[in-house]
Structures are given as structure tokens and as C-alpha cells.
Amino acid sequence: MIIETFGPEFLARFRDATEREWLTHAPRDYFAARVGGLDWQTGTRWRGGMTAAQIDAAQARFGLTFPPDYRLFLETLHTPDPPMVGAQFEGSVLVPHSAREFPDWTGDPAPVEAMLAWPIEVLLWSIEADGGWYRTWGPRPSTKAERDAAVRQLAADGPQLVPVFGRR
């Protein structure tokens, strides 16, 4: 059966399907593959929904406005437990790594703040690495500090992107 609209029925089926898969899922061995990445742990389950007050507090805490469909997602599922596990490179060394890709809006703010900062940091890096600059931003400033300030101001003047999964 295909559910044609996003709503509580879709989210219930999504929860059931993902938890059924996670029940027996074996995480990838990133060390054996010599690559970085994250994977679900065996037995991962959705934590359950946030209250309206928790959602409002998260929006105020991070200066965001969640769209109605994402509020429904947060009211129903929020984030899985336990966090994903895997490996990441620190320089040329592969080390254990764990993280939440679905933001935990009620927990430690540092991972959410990193997700929120990522698009601007990557844009700033790209401007310096590729020399890019959009004409609609006005004349390209001559120094990196001026370019950074201009891009940060443009971002501050627009709507804040809401991370739903990782930096997406």
C-alpha cells in the first residue's frame, strides 16, 4: 500500500519499517573497508516525539521556525537512539566516531550548532578555493575578512536553513 500524503499514517509506517530493519541490522565495518562513515546500530529505535513546548523551545534556542511537516515529524519521531557509529579520519588516521544525523533538538546544542554552521562554512571555503562570487551579492570584496563578513551578513538577512538529517 502506498500512502499518498505525508501525515501521521506515513510517519507510523516509516517508524515501523525503519525499526524493523534496525532490529537485525549489522553496522558496516568502516575500519576493515578503510573508509569513514556512519551506520545505524543494531536495535536502533526512534526516541518518540517532542512536545509542542519542546519544539517551541528548540526554535527559540536556535532562532529557527520549523515548517508544519517537520513539526509533525518531530512530534512523532524526533531522533533515533542510540547514535550512529562508524569511523572518521583525523588527518590520515581512521578513528572511531559516533554522531546523530537526525538532530537531537533537546540535547547538547553543539552538534546542532555545527549542522547550522556547515552551509556557510562550506560556502566560505568554496569562495576562497574556487574564487567564486555571485554578481547578485555585489562587488567581490578584496580581502578574505571582507568576503567572510559580506557572506555572513547575506546569510543572516535570509531565512535560516533547518537541518533535517546531518547537514541536509
# chains A, B, ... in the order shown; residues from 1 in each chain; ligands from 1
>>> residues_around(residues="Pro159 (chain A)", least_positions_apart="4", cutoff="12 Å", atoms="only C-alpha atoms", output="number ranges by chain")
A: 63-67, 116, 153-155
>>> write_last_selection(atoms="C-alpha atoms", output="PDB file, in the first residue's frame")
ATOM      1  CA  GLY A  63      16.498  31.039  16.110  1.00  0.00           C
ATOM      2  CA  LEU A  64      14.529  28.830  13.723  1.00  0.00           C
ATOM      3  CA  THR A  65      10.997  28.339  12.509  1.00  0.00           C
ATOM      4  CA  PHE A  66      10.178  24.713  11.748  1.00  0.00           C
ATOM      5  CA  PRO A  67       7.724  24.169   8.878  1.00  0.00           C
ATOM      6  CA  LEU A 116      23.564  25.017  11.277  1.00  0.00           C
ATOM      7  CA  GLN A 153      25.584  39.211   6.509  1.00  0.00           C
ATOM      8  CA  LEU A 154      23.798  37.885   3.421  1.00  0.00           C
ATOM      9  CA  ALA A 155      23.104  34.627   5.280  1.00  0.00           C
TER      10      ALA A 155
END
>>> select_by_dssp(residues="region 25-161 of chain A", states="alpha helix (DSSP H)", output="PyMOL selection string")
chain A and resi 30-33+52-62+68-76+109-130+144-157
>>> residues_around(residues="Phe31 (chain A)", least_positions_apart="6", cutoff="10 Å", atoms="only C-alpha atoms", output="MDAnalysis selection string")
chainID A and resid 37 86:88 94:96
>>> write_last_selection(atoms="N, CA and C atoms", output="PDB file, in the first residue's frame")
ATOM      1  N   GLY A  37      32.683   6.881   7.724  1.00  0.00           N
ATOM      2  CA  GLY A  37      31.244   6.858   7.542  1.00  0.00           C
ATOM      3  C   GLY A  37      30.532   6.507   8.834  1.00  0.00           C
ATOM      4  N   GLY A  86      30.630   4.552  13.623  1.00  0.00           N
ATOM      5  CA  GLY A  86      31.473   4.303  12.467  1.00  0.00           C
ATOM      6  C   GLY A  86      32.861   4.826  12.703  1.00  0.00           C
ATOM      7  N   ALA A  87      33.424   5.465  11.685  1.00  0.00           N
ATOM      8  CA  ALA A  87      34.795   5.947  11.746  1.00  0.00           C
ATOM      9  C   ALA A  87      34.917   7.233  10.946  1.00  0.00           C
ATOM     10  N   GLN A  88      35.912   8.025  11.309  1.00  0.00           N
ATOM     11  CA  GLN A  88      36.231   9.235  10.559  1.00  0.00           C
ATOM     12  C   GLN A  88      37.736   9.431  10.572  1.00  0.00           C
ATOM     13  N   LEU A  94      42.365   6.805  10.853  1.00  0.00           N
ATOM     14  CA  LEU A  94      40.946   6.473  10.984  1.00  0.00           C
ATOM     15  C   LEU A  94      40.652   6.199  12.458  1.00  0.00           C
ATOM     16  N   VAL A  95      39.689   6.913  13.021  1.00  0.00           N
ATOM     17  CA  VAL A  95      39.362   6.773  14.441  1.00  0.00           C
ATOM     18  C   VAL A  95      37.866   6.499  14.601  1.00  0.00           C
ATOM     19  N   PRO A  96      37.471   5.853  15.711  1.00  0.00           N
ATOM     20  CA  PRO A  96      36.041   5.618  15.951  1.00  0.00           C
ATOM     21  C   PRO A  96      35.279   6.939  16.020  1.00  0.00           C
TER      22      PRO A  96
END
>>> residues_around(residues="Ala60 (chain A)", least_positions_apart="6", cutoff="12 Å", atoms="only C-alpha atoms", output="list in words")
Ala53, Gln54, Phe66, Trp105 and Thr106 of chain A
>>> write_last_selection(atoms="N, CA and C atoms", output="CSV table (one decimal), in the first residue's frame")
chain,number,residue,atom,x,y,z
A,53,ALA,N,5.8,22.3,23.5
A,53,ALA,CA,6.6,23.2,24.2
A,53,ALA,C,8.1,22.9,24.0
A,54,GLN,N,8.5,21.7,23.8
A,54,GLN,CA,9.9,21.4,23.5
A,54,GLN,C,10.3,21.9,22.1
A,66,PHE,N,10.4,26.0,12.4
A,66,PHE,CA,10.2,24.7,11.7
A,66,PHE,C,8.9,24.7,10.9
A,105,TRP,N,17.2,17.9,19.1
A,105,TRP,CA,16.8,19.3,19.4
A,105,TRP,C,16.7,19.6,20.9
A,106,THR,N,16.7,18.5,21.8
A,106,THR,CA,16.6,18.7,23.2
A,106,THR,C,17.9,18.4,23.9
>>> closest_residue(among="A:Gly43, A:Arg28, A:Thr51, A:Pro139", to="Phe73 (chain A)", atoms="only C-alpha atoms")
A:Thr51
>>> closest_residue(among="A:Glu90, A:Asp108, A:Asp81, A:Glu121", to="Arg152 (chain A)", atoms="only C-alpha atoms")
A:Glu121
>>> residues_around(residues="Arg20 (chain A)", least_positions_apart="5", cutoff="10 Å", atoms="only C-alpha atoms", output="compact mmCIF listing (two decimals) with N, CA and C atoms, in the first residue's frame")
# COMPACT_ATOMS: atom_id res chain seq x y z
N PHE A 14 6.63 4.59 8.53
CA PHE A 14 8.06 4.84 8.44
C PHE A 14 8.77 4.36 9.70
N ARG A 15 8.22 4.71 10.87
CA ARG A 15 8.79 4.26 12.14
C ARG A 15 8.85 2.74 12.19
N HIS A 25 19.89 -5.17 11.87
CA HIS A 25 20.92 -4.53 11.04
C HIS A 25 22.29 -4.66 11.70
N GLY A 43 19.36 -2.69 16.66
CA GLY A 43 18.35 -2.38 17.66
C GLY A 43 18.00 -0.91 17.82
N THR A 44 18.46 -0.06 16.91
CA THR A 44 18.12 1.37 16.98
C THR A 44 16.61 1.54 16.94
N ARG A 45 16.12 2.49 17.72
CA ARG A 45 14.68 2.79 17.77
C ARG A 45 14.50 4.31 17.80
>>> residues_around(residues="Leu123 (chain A)", least_positions_apart="2", cutoff="12 Å", atoms="only C-alpha atoms", output="list of chain:residue names")
A:Ala117, A:Trp118, A:Pro119, A:Ile120, A:Glu121, A:Trp125, A:Ser126, A:Ile127, A:Glu128, A:Ala129, A:Asp130, A:Gly131, A:Gly132, A:Trp133, A:Tyr134, A:Arg147, A:Asp148, A:Ala150, A:Val151, A:Arg152, A:Leu154, A:Ala155
>>> write_last_selection(atoms="C-alpha atoms", output="mmCIF file, in the first residue's frame")
data_model
loop_
_atom_site.group_PDB
_atom_site.id
_atom_site.type_symbol
_atom_site.label_atom_id
_atom_site.label_comp_id
_atom_site.auth_asym_id
_atom_site.auth_seq_id
_atom_site.Cartn_x
_atom_site.Cartn_y
_atom_site.Cartn_z
ATOM 1 C CA ALA A 117 27.022 26.490 10.616
ATOM 2 C CA TRP A 118 28.069 23.951 7.967
ATOM 3 C CA PRO A 119 26.445 25.515 4.853
ATOM 4 C CA ILE A 120 28.061 28.910 5.474
ATOM 5 C CA GLU A 121 31.455 27.403 6.349
ATOM 6 C CA TRP A 125 35.690 27.691 1.881
ATOM 7 C CA SER A 126 34.403 27.394 -1.695
ATOM 8 C CA ILE A 127 34.715 31.119 -2.304
ATOM 9 C CA GLU A 128 38.371 31.014 -1.304
ATOM 10 C CA ALA A 129 39.180 27.693 -3.017
ATOM 11 C CA ASP A 130 37.375 28.427 -6.285
ATOM 12 C CA GLY A 131 37.391 32.221 -6.375
ATOM 13 C CA GLY A 132 33.643 32.249 -6.885
ATOM 14 C CA TRP A 133 31.399 35.195 -6.185
ATOM 15 C CA TYR A 134 27.789 35.773 -7.326
ATOM 16 C CA ARG A 147 34.248 38.453 1.861
ATOM 17 C CA ASP A 148 33.504 36.423 5.008
ATOM 18 C CA ALA A 150 29.648 40.003 3.433
ATOM 19 C CA VAL A 151 28.590 36.356 3.085
ATOM 20 C CA ARG A 152 27.728 36.060 6.782
ATOM 21 C CA LEU A 154 23.798 37.885 3.421
ATOM 22 C CA ALA A 155 23.104 34.627 5.280
#
>>> decode(residues="region 54-90 of chain A", atoms="N, CA and C atoms", output="PDB file, in the first residue's frame")
ATOM      1  N   GLN A  54       8.518  21.681  23.805  1.00  0.00           N
ATOM      2  CA  GLN A  54       9.913  21.378  23.476  1.00  0.00           C
ATOM      3  C   GLN A  54      10.273  21.891  22.081  1.00  0.00           C
ATOM      4  N   ILE A  55       9.351  21.738  21.145  1.00  0.00           N
ATOM      5  CA  ILE A  55       9.596  22.230  19.789  1.00  0.00           C
ATOM      6  C   ILE A  55       9.720  23.752  19.793  1.00  0.00           C
ATOM      7  N   ASP A  56       8.827  24.427  20.489  1.00  0.00           N
ATOM      8  CA  ASP A  56       8.891  25.886  20.590  1.00  0.00           C
ATOM      9  C   ASP A  56      10.201  26.331  21.242  1.00  0.00           C
ATOM     10  N   ALA A  57      10.636  25.610  22.271  1.00  0.00           N
ATOM     11  CA  ALA A  57      11.891  25.946  22.952  1.00  0.00           C
ATOM     12  C   ALA A  57      13.084  25.755  22.018  1.00  0.00           C
ATOM     13  N   ALA A  58      13.061  24.690  21.219  1.00  0.00           N
ATOM     14  CA  ALA A  58      14.150  24.442  20.264  1.00  0.00           C
ATOM     15  C   ALA A  58      14.204  25.541  19.210  1.00  0.00           C
ATOM     16  N   GLN A  59      13.047  25.957  18.725  1.00  0.00           N
ATOM     17  CA  GLN A  59      13.013  27.041  17.734  1.00  0.00           C
ATOM     18  C   GLN A  59      13.598  28.322  18.329  1.00  0.00           C
ATOM     19  N   ALA A  60      13.216  28.638  19.567  1.00  0.00           N
ATOM     20  CA  ALA A  60      13.722  29.840  20.224  1.00  0.00           C
ATOM     21  C   ALA A  60      15.224  29.719  20.492  1.00  0.00           C
ATOM     22  N   ARG A  61      15.655  28.546  20.932  1.00  0.00           N
ATOM     23  CA  ARG A  61      17.065  28.319  21.274  1.00  0.00           C
ATOM     24  C   ARG A  61      17.992  28.521  20.076  1.00  0.00           C
ATOM     25  N   PHE A  62      17.532  28.072  18.890  1.00  0.00           N
ATOM     26  CA  PHE A  62      18.387  28.123  17.705  1.00  0.00           C
ATOM     27  C   PHE A  62      17.965  29.183  16.692  1.00  0.00           C
ATOM     28  N   GLY A  63      16.934  29.979  17.004  1.00  0.00           N
ATOM     29  CA  GLY A  63      16.498  31.039  16.110  1.00  0.00           C
ATOM     30  C   GLY A  63      15.902  30.529  14.813  1.00  0.00           C
ATOM     31  N   LEU A  64      15.105  29.472  14.899  1.00  0.00           N
ATOM     32  CA  LEU A  64      14.529  28.830  13.723  1.00  0.00           C
ATOM     33  C   LEU A  64      13.014  28.866  13.761  1.00  0.00           C
ATOM     34  N   THR A  65      12.426  28.604  12.608  1.00  0.00           N
ATOM     35  CA  THR A  65      10.997  28.339  12.509  1.00  0.00           C
ATOM     36  C   THR A  65      10.851  27.044  11.735  1.00  0.00           C
ATOM     37  N   PHE A  66      10.364  26.003  12.406  1.00  0.00           N
ATOM     38  CA  PHE A  66      10.178  24.713  11.748  1.00  0.00           C
ATOM     39  C   PHE A  66       8.905  24.741  10.916  1.00  0.00           C
ATOM     40  N   PRO A  67       8.950  24.250   9.677  1.00  0.00           N
ATOM     41  CA  PRO A  67       7.724  24.169   8.878  1.00  0.00           C
ATOM     42  C   PRO A  67       6.778  23.129   9.481  1.00  0.00           C
ATOM     43  N   PRO A  68       5.484  23.219   9.153  1.00  0.00           N
ATOM     44  CA  PRO A  68       4.491  22.322   9.762  1.00  0.00           C
ATOM     45  C   PRO A  68       4.785  20.831   9.579  1.00  0.00           C
ATOM     46  N   ASP A  69       5.277  20.414   8.395  1.00  0.00           N
ATOM     47  CA  ASP A  69       5.541  18.983   8.202  1.00  0.00           C
ATOM     48  C   ASP A  69       6.710  18.513   9.060  1.00  0.00           C
ATOM     49  N   TYR A  70       7.699  19.376   9.277  1.00  0.00           N
ATOM     50  CA  TYR A  70       8.818  18.985  10.136  1.00  0.00           C
ATOM     51  C   TYR A  70       8.390  18.975  11.604  1.00  0.00           C
ATOM     52  N   ARG A  71       7.523  19.896  11.991  1.00  0.00           N
ATOM     53  CA  ARG A  71       6.978  19.858  13.367  1.00  0.00           C
ATOM     54  C   ARG A  71       6.268  18.529  13.601  1.00  0.00           C
ATOM     55  N   LEU A  72       5.479  18.081  12.619  1.00  0.00           N
ATOM     56  CA  LEU A  72       4.778  16.798  12.765  1.00  0.00           C
ATOM     57  C   LEU A  72       5.786  15.658  12.912  1.00  0.00           C
ATOM     58  N   PHE A  73       6.859  15.687  12.102  1.00  0.00           N
ATOM     59  CA  PHE A  73       7.913  14.683  12.221  1.00  0.00           C
ATOM     60  C   PHE A  73       8.491  14.702  13.640  1.00  0.00           C
ATOM     61  N   LEU A  74       8.803  15.886  14.151  1.00  0.00           N
ATOM     62  CA  LEU A  74       9.387  15.998  15.493  1.00  0.00           C
ATOM     63  C   LEU A  74       8.406  15.564  16.574  1.00  0.00           C
ATOM     64  N   GLU A  75       7.129  15.854  16.397  1.00  0.00           N
ATOM     65  CA  GLU A  75       6.111  15.429  17.362  1.00  0.00           C
ATOM     66  C   GLU A  75       5.949  13.912  17.390  1.00  0.00           C
ATOM     67  N   THR A  76       6.292  13.263  16.279  1.00  0.00           N
ATOM     68  CA  THR A  76       6.080  11.823  16.148  1.00  0.00           C
ATOM     69  C   THR A  76       7.349  11.010  16.398  1.00  0.00           C
ATOM     70  N   LEU A  77       8.481  11.433  15.810  1.00  0.00           N
ATOM     71  CA  LEU A  77       9.688  10.605  15.844  1.00  0.00           C
ATOM     72  C   LEU A  77      10.878  11.271  16.543  1.00  0.00           C
ATOM     73  N   HIS A  78      11.201  12.471  16.195  1.00  0.00           N
ATOM     74  CA  HIS A  78      12.317  13.270  16.687  1.00  0.00           C
ATOM     75  C   HIS A  78      13.661  12.704  16.248  1.00  0.00           C
ATOM     76  N   THR A  79      14.271  11.805  17.006  1.00  0.00           N
ATOM     77  CA  THR A  79      15.613  11.309  16.683  1.00  0.00           C
ATOM     78  C   THR A  79      15.756   9.869  17.155  1.00  0.00           C
ATOM     79  N   PRO A  80      16.556   9.072  16.483  1.00  0.00           N
ATOM     80  CA  PRO A  80      16.755   7.688  16.921  1.00  0.00           C
ATOM     81  C   PRO A  80      17.796   7.561  18.034  1.00  0.00           C
ATOM     82  N   ASP A  81      17.675   6.487  18.801  1.00  0.00           N
ATOM     83  CA  ASP A  81      18.657   6.091  19.808  1.00  0.00           C
ATOM     84  C   ASP A  81      19.048   4.661  19.546  1.00  0.00           C
ATOM     85  N   PRO A  82      20.280   4.290  19.736  1.00  0.00           N
ATOM     86  CA  PRO A  82      21.424   5.125  20.070  1.00  0.00           C
ATOM     87  C   PRO A  82      21.944   5.859  18.838  1.00  0.00           C
ATOM     88  N   PRO A  83      22.948   6.741  19.023  1.00  0.00           N
ATOM     89  CA  PRO A  83      23.532   7.436  17.869  1.00  0.00           C
ATOM     90  C   PRO A  83      24.157   6.449  16.877  1.00  0.00           C
ATOM     91  N   MET A  84      24.391   6.927  15.673  1.00  0.00           N
ATOM     92  CA  MET A  84      25.059   6.121  14.653  1.00  0.00           C
ATOM     93  C   MET A  84      26.527   5.945  15.035  1.00  0.00           C
ATOM     94  N   VAL A  85      27.148   4.864  14.535  1.00  0.00           N
ATOM     95  CA  VAL A  85      28.559   4.583  14.836  1.00  0.00           C
ATOM     96  C   VAL A  85      29.325   4.333  13.554  1.00  0.00           C
ATOM     97  N   GLY A  86      30.630   4.552  13.623  1.00  0.00           N
ATOM     98  CA  GLY A  86      31.473   4.303  12.467  1.00  0.00           C
ATOM     99  C   GLY A  86      32.861   4.826  12.703  1.00  0.00           C
ATOM    100  N   ALA A  87      33.424   5.465  11.685  1.00  0.00           N
ATOM    101  CA  ALA A  87      34.795   5.947  11.746  1.00  0.00           C
ATOM    102  C   ALA A  87      34.917   7.233  10.946  1.00  0.00           C
ATOM    103  N   GLN A  88      35.912   8.025  11.309  1.00  0.00           N
ATOM    104  CA  GLN A  88      36.231   9.235  10.559  1.00  0.00           C
ATOM    105  C   GLN A  88      37.736   9.431  10.572  1.00  0.00           C
ATOM    106  N   PHE A  89      38.226  10.175   9.604  1.00  0.00           N
ATOM    107  CA  PHE A  89      39.646  10.449   9.531  1.00  0.00           C
ATOM    108  C   PHE A  89      39.984  11.679  10.363  1.00  0.00           C
ATOM    109  N   GLU A  90      41.039  11.555  11.145  1.00  0.00           N
ATOM    110  CA  GLU A  90      41.656  12.697  11.812  1.00  0.00           C
ATOM    111  C   GLU A  90      43.052  12.759  11.225  1.00  0.00           C
TER     112      GLU A  90
END
